[in-house]
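S.K.: Quick one: structure below, then a few questions.
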2 protein chains.
Amino acid sequence: MSDDRTRPPTAPERTSYHHGDLRRVLLEVGHRLLEETDASHLSLRAIAREAGVSRAAPYHHFADREGLLAALAADGFRDLRHAMIRRADAAVGSPLARMQAIGIAYVLFAFENPHHYRLMFSGEWSDRDRHPELNREADATYGALGSALGGLEASGTRKGGRQGKGLAQALALGAWSLVHGLAMLLIDGRVGEAEMTAAEVEGLAREVTRVLGRGLAG
Amino acid sequence: MSDDRTRPPTAPERTSYHHGDLRRVLLEVGHRLLEETDASHLSLRAIAREAGVSRAAPYHHFADREGLLAALAADGFRDLRHAMIRRADAAVGSPLARMQAIGIAYVLFAFENPHHYRLMFSGEWSDRDRHPELNREADATYGALGSALGGLEASGTRKGGRQGKGLAQALALGAWSLVHGLAMLLIDGRVGEAEMTAAEVEGLAREVTRVLGRGLAG
DNA sequence: ATGACCATCTTGACAGTGCTAAGTTACACT
DNA sequence: AGTGTAACTTAGCACTGTCAAGATGGTCAT
């Protein structure tokens, strides 16, 4: 089949020549396809097909394939940040509990959106400066993670916290590395049983972040 | 240029019809190309071209493109394991220092072979059972990491280590997650300055793993 | 030594991909 | 009403992974 315009049953009939909202639809389709396959198998043509437009249409909204992937990744960072904030606000108790809640949200997000998460951290952008929105969203998300730990540091949770800024930075970086690494290992299937429930993942994340809590509070 | 057989200057002249050692050469070429580009831009045809054989030749040694990538990843796990063991054996002092040395080797390997490292953890294998060698090498590498921490646990380093097996597992997983996450963030450029030397990376890894040491020894 | 076998390598071909060039449509503004 | 332009279209190029079918030449039984 060499005709790209064979409309799949999922694509709605289009009434006008101009689509009107194609950019958003392309991202939605991409997001949906990422639930089933990984980013490397995500083709512009398949997305266009699914959206019911021609194969060249996406180029009027994204510079190239990488541009669309970067936009998807940026959306992912936004969603991740919101999930983190939501869980952090719901957490009661010490700043450390809040920090742990953020870590759990992080790991859960990766568990529930593995392909999307991997795309966000694929790091395979030809040039970072080409995707300012992605950088903005990523930085904002890291900022949320960091400021949570900063608050932890500012509070009196750490005993004898007079080691200076270097250690504080190392702790923040360690915390981030921990949850990121756990998330990666988890979605690679290197950890836990083959089929895990979200509750099991949450328990695992809780256990592992407790180790970090020992390091911080010790 | 639609001719796949245009031999690049790097490919040696072949005297006999049969290559004799093509599988190894294909892997070497793949390894070399991975130093410059990421795995998503690694094509079977380019590798074949570089090796001086036709485009279909690789299919006599690998089931498909994924098979070759899996073999490259397996080699990577072997190299990583050896690097870990080398540094661990060179480390003197407490088991904790040995553990830290392994973590540093892990991070340094990722820093020096970012594309290869990402391929190893890309997790984008259509079916895990299709690549038994990759699984073997990966498991052996994780085993080396885990047993190092196991030795740490067995020694008297931890004070009051009577919390049971669950905690020990959480600690091992935490240690692994920490170095893996740090490695990933590092090669994504999310950490440190744009251009870092190996010595700077080693210092960073040393600092961050010290946080873990606190958690373990605390 | 001869012949058969077969792993290895070859060319040819097909469908899929990203992307560009050059047309077409229709909205929006003067 | 007329014109400009953003959003869409088809046509086509170079590249990719993969298979089928033929060419080669080493190996091993006779």
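Letters A, B, ... go to the chains of the structure tokens in the order shown; residues in each chain start at 1; ligands are counted from 1 in the same order.
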Within 8 Å of chain A, which residues belong to chain B? Use only C-alpha atoms and report them as number ranges by chain.
M.R.: B: 38, 40, 118, 121-124, 167, 170-171, 173-182, 184-185, 187-188, 207-209, 211-216, 218
S.K.: Range 11-18 of chain C: which residues within 12 Å, counting only C-alpha atoms (C1' of nucleotides), same-chain residues fewer than 6 positions away excluded, as a short mmCIF file (atom, residue, chain, number, x, y, z; two decimals) with C-alpha atoms (C1' of nucleotides), in the first residue's frame?
M.R.:
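Generated output (result-v8.cif):
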```cif
data_model
loop_
_atom_site.label_atom_id
_atom_site.label_comp_id
_atom_site.auth_asym_id
_atom_site.auth_seq_id
_atom_site.Cartn_x
_atom_site.Cartn_y
_atom_site.Cartn_z
CA MET A 1 0.00 0.00 0.00
CA SER A 2 1.80 3.11 -1.18
CA ASP A 3 -1.05 5.52 -0.61
CA ASP A 4 -0.58 7.53 2.51
CA SER A 40 11.83 4.78 17.46
CA HIS A 41 8.84 3.17 15.77
CA LEU A 42 6.92 6.41 15.67
CA SER A 43 6.80 7.70 12.11
CA LEU A 44 5.57 11.06 10.94
CA ARG A 45 3.68 9.36 8.16
CA ALA A 46 1.84 7.05 10.51
CA ARG A 55 2.17 12.97 4.84
CA ALA A 56 3.54 16.46 4.27
CA PRO A 58 2.95 17.86 9.72
CA TYR A 59 5.82 19.87 8.24
CA ALA A 63 10.33 21.55 11.50
CA ASP A 64 10.92 17.82 11.19
CA ARG A 65 10.34 14.53 12.94
CA GLU A 66 12.64 15.51 15.76
CA ASP B 3 24.78 1.54 -4.92
CA ASP B 4 25.48 -0.06 -1.59
CA ARG B 5 28.73 -1.52 -2.70
CA SER B 54 26.94 -6.08 0.42
CA ARG B 55 23.85 -4.90 2.25
CA ALA B 56 22.46 -8.40 2.66
CA ALA B 57 25.63 -9.92 4.08
"C1'" DC D 13 14.19 11.71 -4.22
"C1'" DA D 14 17.40 9.22 -1.37
"C1'" DC D 15 17.58 6.24 2.13
"C1'" DT D 16 16.23 2.29 5.04
"C1'" DG D 17 15.13 -2.97 6.55
"C1'" DT D 18 14.12 -7.18 4.65
"C1'" DC D 19 13.33 -11.06 1.59
"C1'" DA D 20 14.11 -14.05 -2.64
"C1'" DA D 21 16.99 -16.06 -5.77
"C1'" DG D 22 21.43 -16.70 -7.74
"C1'" DA D 23 26.87 -17.05 -7.34
#
```
S.K.: Got a sec to pull out which chain D residues are within 9 Å of chain A, counting only C-alpha atoms (C1' of nucleotides), and send them as a PDB file with C-alpha atoms (C1' of nucleotides), in the first residue's frame?
M.R.:
```
ATOM      1  C1'  DA D   6      -0.945  30.001   6.022  1.00  0.00           C
ATOM      2  C1'  DA D   7      -2.408  25.399   5.638  1.00  0.00           C
ATOM      3  C1'  DC D   8      -3.038  21.833   2.929  1.00  0.00           C
ATOM      4  C1'  DT D   9      -2.093  18.694  -1.331  1.00  0.00           C
TER       5       DT D   9
END
```
S.K.: Would you write out, as a Markdown table, a table of all residues in chain C that have an atom no more than 10 Å from an atom of chain B, listing for each the closest atom pair and the distance in Å to one decimal, considering only C-alpha atoms (C1' of nucleotides) and ordering rows by chain and rising residue number?
M.R.:
```
| residue | atom | partner | partner_atom | distance |
| --- | --- | --- | --- | --- |
| C:DA7 | C1' | B:His60 | CA | 8.6 |
| C:DT8 | C1' | B:His18 | CA | 6.0 |
| C:DC9 | C1' | B:Ala57 | CA | 6.2 |
| C:DT10 | C1' | B:Ser54 | CA | 7.1 |
| C:DT11 | C1' | B:Ser54 | CA | 9.0 |
```
S.K.: Which value, in Å to one decimal, gives the distance between CA of Ala101 in chain B and CA of Phe77 in chain B?
M.R.: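 Atom-to-atom, CA of Ala101 in chain B to CA of Phe77 in chain B, that is 17.3 Å.
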S.K.: Any idea what's packed within 12 Å of DA11 in chain D, counting only C-alpha atoms (C1' of nucleotides), ignoring anything in its chain fewer than 4 positions away? Could you give it as a ChimeraX atom specification?
M.R.: /A:56 /C:20-23
S.K.: Could I have chain B as a compact mmCIF listing (two decimals) with C-alpha atoms, in the first residue's frame after it is superimposed on chain A by least squares, pairing all C-alpha atoms in sequence order?
M.R.:
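The resulting result_24.txt:
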```txt
# COMPACT_ATOMS: atom_id res chain seq x y z
CA MET B 1 -0.03 0.10 0.05
CA SER B 2 1.82 3.18 -1.09
CA ASP B 3 -1.04 5.62 -0.56
CA ASP B 4 -0.59 7.68 2.54
CA ARG B 5 -4.07 9.04 2.45
CA THR B 6 -5.94 5.84 3.22
CA ARG B 7 -7.82 7.19 6.18
CA PRO B 8 -7.95 4.79 9.12
CA PRO B 9 -11.32 4.34 10.80
CA THR B 10 -10.10 6.25 13.82
CA ALA B 11 -9.58 9.46 11.87
CA PRO B 12 -12.68 11.63 11.84
CA GLU B 13 -14.10 12.87 8.56
CA ARG B 14 -12.84 16.33 7.84
CA THR B 15 -15.27 18.88 6.46
CA SER B 16 -13.04 21.82 5.57
CA TYR B 17 -9.83 21.86 3.62
CA HIS B 18 -8.03 23.53 6.49
CA HIS B 19 -7.85 21.41 9.54
CA GLY B 20 -7.79 24.20 12.07
CA ASP B 21 -6.23 22.38 14.97
CA LEU B 22 -3.83 19.98 13.37
CA ARG B 23 -0.85 20.63 15.60
CA ARG B 24 -2.75 19.62 18.70
CA VAL B 25 -4.25 16.57 17.00
CA LEU B 26 -0.84 15.42 15.79
CA LEU B 27 0.49 15.60 19.32
CA GLU B 28 -2.51 13.75 20.67
CA VAL B 29 -2.09 10.99 18.12
CA GLY B 30 1.61 10.82 18.89
CA HIS B 31 0.87 10.61 22.57
CA ARG B 32 -1.61 7.82 21.97
CA LEU B 33 0.75 5.85 19.75
CA LEU B 34 3.43 6.17 22.41
CA GLU B 35 1.24 4.14 24.71
CA GLU B 36 1.72 1.13 22.49
CA THR B 37 5.08 1.47 20.77
CA ASP B 38 8.34 3.18 21.52
CA ALA B 39 9.48 6.40 19.92
CA SER B 40 11.82 4.71 17.45
CA HIS B 41 8.79 3.11 15.78
CA LEU B 42 6.88 6.36 15.69
CA SER B 43 6.74 7.65 12.12
CA LEU B 44 5.53 11.01 10.95
CA ARG B 45 3.59 9.33 8.19
CA ALA B 46 1.76 7.02 10.56
CA ILE B 47 0.81 9.97 12.75
CA ALA B 48 -0.39 11.94 9.73
CA ARG B 49 -2.36 8.94 8.51
CA GLU B 50 -3.97 8.50 11.90
CA ALA B 51 -4.83 12.19 12.00
CA GLY B 52 -6.40 11.95 8.56
CA VAL B 53 -4.07 14.33 6.75
CA SER B 54 -1.43 13.96 4.08
CA ARG B 55 2.13 12.98 4.87
CA ALA B 56 3.48 16.46 4.29
CA ALA B 57 0.95 18.24 6.49
CA PRO B 58 2.93 17.85 9.73
CA TYR B 59 5.77 19.86 8.22
CA HIS B 60 3.64 22.97 8.49
CA HIS B 61 3.62 22.59 12.27
CA PHE B 62 6.94 20.97 13.05
CA ALA B 63 10.32 21.50 11.46
CA ASP B 64 10.87 17.77 11.14
CA ARG B 65 10.30 14.49 12.89
CA GLU B 66 12.64 15.45 15.70
CA GLY B 67 10.62 18.61 16.22
CA LEU B 68 7.46 16.63 16.81
CA LEU B 69 9.24 14.23 19.14
CA ALA B 70 10.67 17.17 21.07
CA ALA B 71 7.19 18.65 21.45
CA LEU B 72 5.92 15.31 22.73
CA ALA B 73 8.80 15.15 25.18
CA ALA B 74 8.07 18.69 26.35
CA ASP B 75 4.46 17.72 27.02
CA GLY B 76 5.73 14.76 28.98
CA PHE B 77 7.86 16.96 31.22
CA ARG B 78 4.86 19.15 31.88
CA ASP B 79 2.72 16.16 32.81
CA LEU B 80 5.45 14.74 35.01
CA ARG B 81 5.85 18.05 36.82
CA HIS B 82 2.13 18.28 37.47
CA ALA B 83 2.01 14.71 38.75
CA MET B 84 4.88 15.49 41.10
CA ILE B 85 3.27 18.63 42.43
CA ARG B 86 -0.08 16.90 42.85
CA ARG B 87 1.39 14.13 44.95
CA ALA B 88 3.62 16.44 46.91
CA ASP B 89 0.69 18.65 47.85
CA ALA B 90 -1.30 15.61 48.90
CA ALA B 91 1.49 14.40 51.15
CA VAL B 92 1.14 15.29 54.77
CA GLY B 93 3.81 15.38 57.41
CA SER B 94 7.46 16.29 57.27
CA PRO B 95 9.22 17.86 54.32
CA LEU B 96 10.92 14.51 54.00
CA ALA B 97 7.56 12.87 53.37
CA ARG B 98 6.89 15.50 50.76
CA MET B 99 10.18 14.75 49.13
CA GLN B 100 9.43 11.07 49.16
CA ALA B 101 6.04 11.71 47.57
CA ILE B 102 7.73 13.50 44.72
CA GLY B 103 10.09 10.61 44.18
CA ILE B 104 7.20 8.19 44.12
CA ALA B 105 5.32 10.33 41.62
CA TYR B 106 8.43 10.37 39.46
CA VAL B 107 8.77 6.60 39.44
CA LEU B 108 5.07 6.02 38.96
CA PHE B 109 4.98 8.35 35.97
CA ALA B 110 7.77 6.36 34.32
CA PHE B 111 6.01 3.11 35.13
CA GLU B 112 2.74 4.25 33.62
CA ASN B 113 4.23 5.97 30.55
CA PRO B 114 7.39 4.01 29.82
CA HIS B 115 7.76 4.93 26.15
CA HIS B 116 7.00 8.54 26.77
CA TYR B 117 9.42 8.62 29.68
CA ARG B 118 12.16 7.07 27.63
CA LEU B 119 11.60 9.59 24.87
CA MET B 120 11.91 12.44 27.36
CA PHE B 121 15.29 11.15 28.45
CA SER B 122 16.45 9.74 25.16
CA GLY B 123 18.86 12.63 24.86
CA GLU B 124 19.06 12.04 21.15
CA TRP B 125 18.44 15.58 20.02
CA SER B 126 20.75 16.65 17.25
CA ASP B 127 21.06 20.09 18.77
CA ARG B 128 19.67 21.03 22.15
CA ASP B 129 19.18 24.67 21.13
CA ARG B 130 16.75 23.59 18.45
CA HIS B 131 14.08 22.78 21.03
CA PRO B 132 13.70 25.69 23.44
CA GLU B 133 10.28 24.59 24.66
CA LEU B 134 11.63 21.19 25.58
CA ASN B 135 14.46 22.80 27.50
CA ARG B 136 12.06 25.11 29.29
CA GLU B 137 9.77 22.33 30.41
CA ALA B 138 12.62 20.04 31.39
CA ASP B 139 14.31 22.75 33.43
CA ALA B 140 11.05 23.64 35.14
CA THR B 141 10.54 20.01 36.10
CA TYR B 142 14.04 19.62 37.45
CA GLY B 143 13.55 22.89 39.28
CA ALA B 144 10.45 21.53 41.00
CA LEU B 145 12.37 18.46 42.08
CA GLY B 146 15.31 20.50 43.26
CA SER B 147 13.30 23.09 45.14
CA ALA B 148 11.51 20.35 47.03
CA LEU B 149 14.84 19.10 48.26
CA GLY B 150 15.94 22.66 48.88
CA GLY B 151 12.98 23.10 51.19
CA LEU B 152 13.97 19.93 52.91
CA GLU B 153 17.45 21.31 53.38
CA ALA B 154 16.17 24.64 54.66
CA SER B 155 13.93 23.02 57.24
CA GLY B 156 15.51 21.59 60.34
CA THR B 157 15.23 18.02 59.20
CA ARG B 158 18.89 17.49 58.67
CA LYS B 159 20.85 17.34 61.86
CA GLY B 160 24.17 19.07 61.75
CA GLY B 161 23.64 20.56 58.34
CA ARG B 162 26.72 22.75 58.38
CA GLN B 163 28.69 20.95 55.69
CA GLY B 164 28.18 23.71 53.17
CA LYS B 165 26.71 24.05 49.73
CA GLY B 166 28.75 21.35 48.06
CA LEU B 167 27.20 18.63 50.11
CA ALA B 168 23.71 20.02 49.66
CA GLN B 169 24.17 19.92 45.92
CA ALA B 170 25.49 16.41 46.07
CA LEU B 171 22.45 15.41 48.08
CA ALA B 172 20.05 16.98 45.62
CA LEU B 173 21.81 15.36 42.72
CA GLY B 174 21.86 12.06 44.55
CA ALA B 175 18.14 12.22 45.22
CA TRP B 176 17.40 12.97 41.62
CA SER B 177 19.75 10.27 40.38
CA LEU B 178 18.14 7.77 42.69
CA VAL B 179 14.60 8.19 41.46
CA HIS B 180 15.66 8.56 37.86
CA GLY B 181 17.77 5.44 38.00
CA LEU B 182 15.07 3.46 39.72
CA ALA B 183 12.55 4.57 37.12
CA MET B 184 14.84 3.54 34.30
CA LEU B 185 15.67 0.15 35.77
CA LEU B 186 12.03 -0.45 36.43
CA ILE B 187 10.80 0.19 32.92
CA ASP B 188 13.71 -1.82 31.55
CA GLY B 189 12.35 -4.77 33.49
CA ARG B 190 15.61 -5.05 35.42
CA VAL B 191 13.80 -4.82 38.71
CA GLY B 192 10.84 -6.58 40.24
CA GLU B 193 8.68 -9.22 38.68
CA ALA B 194 7.56 -9.17 35.07
CA GLU B 195 4.09 -7.87 35.76
CA MET B 196 3.79 -5.34 38.53
CA THR B 197 0.84 -3.33 39.72
CA ALA B 198 1.06 0.38 40.36
CA ALA B 199 0.70 -0.32 44.07
CA GLU B 200 3.70 -2.65 44.01
CA VAL B 201 5.75 -0.07 42.16
CA GLU B 202 4.77 2.55 44.68
CA GLY B 203 5.85 0.28 47.50
CA LEU B 204 9.17 -0.31 45.82
CA ALA B 205 9.74 3.39 45.29
CA ARG B 206 8.80 4.05 48.91
CA GLU B 207 11.32 1.51 50.15
CA VAL B 208 14.16 2.78 48.01
CA THR B 209 13.57 6.43 48.75
CA ARG B 210 13.62 5.57 52.45
CA VAL B 211 17.26 4.66 51.98
CA LEU B 212 17.82 8.15 50.76
CA GLY B 213 15.92 9.50 53.72
CA ARG B 214 18.41 7.75 55.96
CA GLY B 215 21.26 9.40 54.15
CA LEU B 216 19.65 12.80 54.40
CA ALA B 217 18.47 12.65 57.97
CA GLY B 218 21.44 10.69 59.26
```
S.K.: Take C1' of DC19 in chain C and C1' of DT5 in chain D and report the distance between them in Å, one decimal.
M.R.: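 Taking C1' of DC19 in chain C as the start and C1' of DT5 in chain D as the end point, the length is 22.4 Å.
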S.K.: To one decimal place in Å, what is the distance between C1' of DG2 in chain D and C1' of DT25 in chain C?
M.R.: 16.1 Å
S.K.: Report as a compact mmCIF listing (two decimals) with C-alpha atoms (C1' of nucleotides), in the first residue's frame all protein, DNA and RNA residues lying within 12 Å of DG3 in chain C, evaluated on only C-alpha atoms (C1' of nucleotides), omitting residues in the same chain fewer than 3 positions from it.
M.R.:
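The result, stored in selection-v4.txt:
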```txt
# COMPACT_ATOMS: atom_id res chain seq x y z
C1' DT D 27 34.40 -29.06 3.46
C1' DC D 28 33.65 -33.65 3.61
C1' DA D 29 32.10 -38.30 2.07
C1' DT D 30 32.91 -41.27 -1.52
```
